[in-house]
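Here the structure is laid out as C-alpha cells; the discussion comes afterwards.
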Amino acid sequence: MSQAVKVATLALILTACRLVDAAIAAEPERAAGRTVAKPNIVFILADDLGYGDLGCYGQRIIRTPNLDRMAAEGLRFTQFYAGSTVCAPSRSVLMTGRHVGRTRVRGNAGAANPEAQMLRDEDVTVAEVLKGAGYRTSLVGKWGLGMPGDEGVPNRQGFDEFYGYLSQTHAHNHFPDYLWRNGARETLENVVTPLGTGGGGYATVRKQYSTDFFTDEAIKFVEKNRERPFFLYLSLVVPHANNERTRELKDGAEVPDYGPYANEPWPNPDKGQAAMITRMDAHVGRLLAKLKELGLDERTLVMFSSDNGPHKEAGHDPERFDPNGPLSGFKRSMTDGGIRVPMIARWPGTIAPGGTTDHIGYFGDLMATCAELSGAAIPPGCDSISFVPTLEGSAAGHKQQTHEYLYWEFHEGGASKQALRMGPWKGIRTYGGPLELFDVETDVGETTNVAANHPEIVRKIEGVLATAREDNEHWPLKQGGGGKNKRS
C-alpha cells in the first residue's frame, strides 16, 4: 500500500464515520442497543505479564486487588491471545489488526535492523482509524515500532500525543535518564550507566520511576479530554526485566521499593518481580478511580492485557509465583504459556459485571472492535473480528462471529516456528519439521501430542499454515530439522 493509497483509505474511513454520525442523528438508538455517544477507549498493556500473574486468573501470592476488582466489575476472557510471543510483533498486530504472518513487524530486530521493526506510512493503525472518527489519541509508555525521525514514530502513526520510550531496549530501564515527548527528548534526574546499543543500561542514581510518570501522564490526558471521545493506549513497561541490569547485577526486577513483600524471605529479584506487579495494579486503580471521579465510567471502555507470556529474565525464580498458571511455556514459547494472556474489559452500564467468556480472540481484534464502537470502517486487509457482541452480551441481539483460525510465527533461535489455533485444536511446528497437535480444550497444558490420532486435522492445519502468511523481506521462514517446540 503506497502513501497515496493510505491517505485514500483514511479518507474513506472518515467519510464512513460522517455517514454513521448522520445516521445516528436521525436514529436515536443503534440496532445493537448501545448508547449513541461514541465511547472513550482505554487499552492498558502490561509487558511480560503471565496468564497466571493476577489474582482473578488464579495467582495466590502476588496481590492485585484493583485488577481483580476490575474483573469483578467487568468481563474476564479465558481464551484471549497476544499477537506474538515477544514484544514488537505483538504490538504490531495490536496496532494494525493483521496477524503476525501479515503484519509489518514480525520479530524483535532491534538496532541491528531497525527497518525490520518499523511501521511504514502506508500501514493503517487503530489510532489512525479512531483519529479519523473524531477521537483524540494518545500513547503513553512503550512503543517499539519506530525510532526517532523514521516513519514508524507514534506521531506519524495516528497518535496526537506521545510520551514514553521509542526503543524497546531503552524501555528495559525503568529508571531512564530521558523519555520522549512527541519528537523531543525530556531529561530525567536518574543517572544511567549505558550498556550496549539501543539506549539500554541501568541507573546508579534512581529517582524517577517511568511507570509512575506514565500513570500521571495518562490521568492528565483523560482530564484534558473529558469532553470529547478519546483513545488512550497506556503501554506499561512492567513487569519486564531490565535485562542489562540482570546481566551486570543479577537483579533486573526494577522497582522503587518492595512494598508489601519487603519482609518476605525471598531473594531480592523475587521481591522485585512481585512488587512490580502490585505497583502496576495500584496504578490501574488510580486510573479507574479518576474515570469514576470525572463521571466517565459509563462512557469509557477500559481493557487490560499483556503483550506476551511471562519472562524469566530478572534473575528471579520463575516458578515461585506460577506465572503461566495451567499453561505450558513462557515468553518465546509457541505453547499457550507464551501467547495466551489475561484480558479484562470493564464498561459499567454496558458490560455486565462478574462475567467470564471463552470467546477465542486476539490482539488483532482490537481494530474491528474499535471500528465498530466508533462507527468507522475497518481498513482493508485486516484479520480482525469485533468482539463487541461478547462485551455487550446476549441482550444486545447480535451474534459474536468467530475466527476460522489464529496464526503465529516466531523467528528467533535459528529455525522459524509456526503455530495455529483452530477451534479446540492447536498445531505447532518448527518450519520444515513435523506438526505437533494438541486439543487445548481438554489438554490446556499441551502435554500430549495427538497428531498420530488425527491425521485429517494435521493435514487441514498444515494446509492453512502453507497459505496463511504473506512474504516479508525481513522475516522469511527459515527451515529447521524438526524437534519439539521449546516450552520454557
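FYI, nothing fancy with the C-alpha cells labels: chains A, B, ... in order, residues from 1 per chain, ligands from 1 as they appear.
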So that I can check the secondary structure, give me every residue of segment 328-476 of chain A assigned helix (DSSP H, G or I) by backbone DSSP, as a ChimeraX atom specification.
/A:336-339,365-374,388-392,394-396,451-453,455-467
The selected residues should be written to file as a PDB file, in the first residue's frame (atoms: C-alpha atoms).
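Output file part_1.pdb is given in full below:
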```pdb
ATOM      1  CA  ASP A 336      -0.100 -21.153  25.199  1.00  0.00           C
ATOM      2  CA  GLY A 337       2.072 -20.047  28.105  1.00  0.00           C
ATOM      3  CA  GLY A 338       3.889 -17.816  25.627  1.00  0.00           C
ATOM      4  CA  ILE A 339       0.847 -16.361  23.843  1.00  0.00           C
ATOM      5  CA  ASP A 365      -9.411  -7.893  17.030  1.00  0.00           C
ATOM      6  CA  LEU A 366      -8.862  -4.500  18.645  1.00  0.00           C
ATOM      7  CA  MET A 367      -9.079  -2.928  15.180  1.00  0.00           C
ATOM      8  CA  ALA A 368     -12.573  -4.227  14.314  1.00  0.00           C
ATOM      9  CA  THR A 369     -13.797  -3.656  17.868  1.00  0.00           C
ATOM     10  CA  CYS A 370     -12.701  -0.009  17.872  1.00  0.00           C
ATOM     11  CA  ALA A 371     -14.073   0.487  14.363  1.00  0.00           C
ATOM     12  CA  GLU A 372     -17.494  -0.791  15.416  1.00  0.00           C
ATOM     13  CA  LEU A 373     -17.582   1.289  18.577  1.00  0.00           C
ATOM     14  CA  SER A 374     -16.537   4.463  16.775  1.00  0.00           C
ATOM     15  CA  VAL A 388     -18.328  -6.007  20.798  1.00  0.00           C
ATOM     16  CA  PRO A 389     -21.106  -8.665  20.864  1.00  0.00           C
ATOM     17  CA  THR A 390     -19.173 -10.524  23.575  1.00  0.00           C
ATOM     18  CA  LEU A 391     -18.744  -7.310  25.566  1.00  0.00           C
ATOM     19  CA  GLU A 392     -22.420  -6.440  25.344  1.00  0.00           C
ATOM     20  CA  SER A 394     -26.757 -11.747  24.522  1.00  0.00           C
ATOM     21  CA  ALA A 395     -29.109  -8.896  25.358  1.00  0.00           C
ATOM     22  CA  ALA A 396     -27.552  -6.846  22.564  1.00  0.00           C
ATOM     23  CA  ALA A 451      -1.069 -35.812  15.839  1.00  0.00           C
ATOM     24  CA  ALA A 452      -0.895 -39.540  15.172  1.00  0.00           C
ATOM     25  CA  ASN A 453      -4.542 -39.940  16.224  1.00  0.00           C
ATOM     26  CA  PRO A 455      -4.171 -37.175  10.604  1.00  0.00           C
ATOM     27  CA  GLU A 456      -7.085 -35.345   8.965  1.00  0.00           C
ATOM     28  CA  ILE A 457      -6.751 -32.430  11.412  1.00  0.00           C
ATOM     29  CA  VAL A 458      -2.983 -32.368  10.873  1.00  0.00           C
ATOM     30  CA  ARG A 459      -3.484 -32.125   7.096  1.00  0.00           C
ATOM     31  CA  LYS A 460      -6.026 -29.340   7.489  1.00  0.00           C
ATOM     32  CA  ILE A 461      -3.780 -27.283   9.765  1.00  0.00           C
ATOM     33  CA  GLU A 462      -0.743 -27.848   7.540  1.00  0.00           C
ATOM     34  CA  GLY A 463      -2.768 -26.579   4.601  1.00  0.00           C
ATOM     35  CA  VAL A 464      -3.601 -23.363   6.442  1.00  0.00           C
ATOM     36  CA  LEU A 465      -0.008 -22.916   7.590  1.00  0.00           C
ATOM     37  CA  ALA A 466       1.084 -23.065   3.954  1.00  0.00           C
ATOM     38  CA  THR A 467      -1.200 -20.199   2.905  1.00  0.00           C
TER      39      THR A 467
END
```
Contacts of Pro176 of chain A within 10 Å, only C-alpha atoms, excl. fewer than 5 positions in-chain, as a ChimeraX atom specification:
/A:165,170-171,187-194,199-203,205-210
Show which residues sit within 12 Å of Gly295 of chain A, as a VMD selection string. Count only C-alpha atoms, and ignore same-chain residues fewer than 6 positions away.
chain A and resid 222 to 223 226 to 227 288 to 289 348
Kindly save the residues from that selection, with C-alpha atoms included, as a compact mmCIF listing (two decimals), in the first residue's frame.
```txt
# COMPACT_ATOMS: atom_id res chain seq x y z
CA VAL A 222 -8.06 11.92 30.49
CA GLU A 223 -8.70 15.13 32.43
CA ARG A 226 -13.04 14.57 29.25
CA GLU A 227 -15.47 16.45 26.98
CA LEU A 288 -10.08 3.74 37.15
CA ALA A 289 -10.71 5.98 40.16
CA PRO A 348 -20.19 -0.05 33.57
```
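Minimum atom-to-atom distance to Arg469 of chain A, evaluated using only C-alpha atoms, belongs to A:Arg106 out of A:His359, A:Arg69, A:Arg63, A:Arg106.
Interatomic distance, atom CA of Gln117 of chain A against atom CA of His99 of chain A: 15.3 Å.
Take atom CA of Val124 of chain A and atom CA of Val100 of chain A: the distance between them is 15.1 Å.
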Determine, for each residue of segment 46-139 of chain A having at least one atom at most 9 Å from an atom of segment 324-335 of chain A, the closest pair of atoms and their separation in Å to one decimal, counting only C-alpha atoms; order by chain and ascending number, as JSON lines.
```
{"residue": "A:Asp48", "atom": "CA", "partner": "A:Lys331", "partner_atom": "CA", "distance": 7.3}
{"residue": "A:Leu49", "atom": "CA", "partner": "A:Asn324", "partner_atom": "CA", "distance": 8.9}
{"residue": "A:Gly50", "atom": "CA", "partner": "A:Asn324", "partner_atom": "CA", "distance": 5.2}
{"residue": "A:Tyr51", "atom": "CA", "partner": "A:Asn324", "partner_atom": "CA", "distance": 5.1}
{"residue": "A:Gly52", "atom": "CA", "partner": "A:Gly325", "partner_atom": "CA", "distance": 4.3}
{"residue": "A:Asp53", "atom": "CA", "partner": "A:Asn324", "partner_atom": "CA", "distance": 7.1}
{"residue": "A:Tyr57", "atom": "CA", "partner": "A:Gly325", "partner_atom": "CA", "distance": 7.8}
{"residue": "A:Gly58", "atom": "CA", "partner": "A:Gly325", "partner_atom": "CA", "distance": 7.0}
{"residue": "A:Gln59", "atom": "CA", "partner": "A:Gly325", "partner_atom": "CA", "distance": 7.6}
{"residue": "A:Ser84", "atom": "CA", "partner": "A:Arg332", "partner_atom": "CA", "distance": 8.5}
{"residue": "A:Thr85", "atom": "CA", "partner": "A:Arg332", "partner_atom": "CA", "distance": 5.0}
{"residue": "A:Val86", "atom": "CA", "partner": "A:Arg332", "partner_atom": "CA", "distance": 6.1}
```
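Closest approach to Thr169 of chain A from the set A:Ala116, A:Glu73, A:Arg245, A:Ala37 is made by A:Arg245, with distances taken over only C-alpha atoms.
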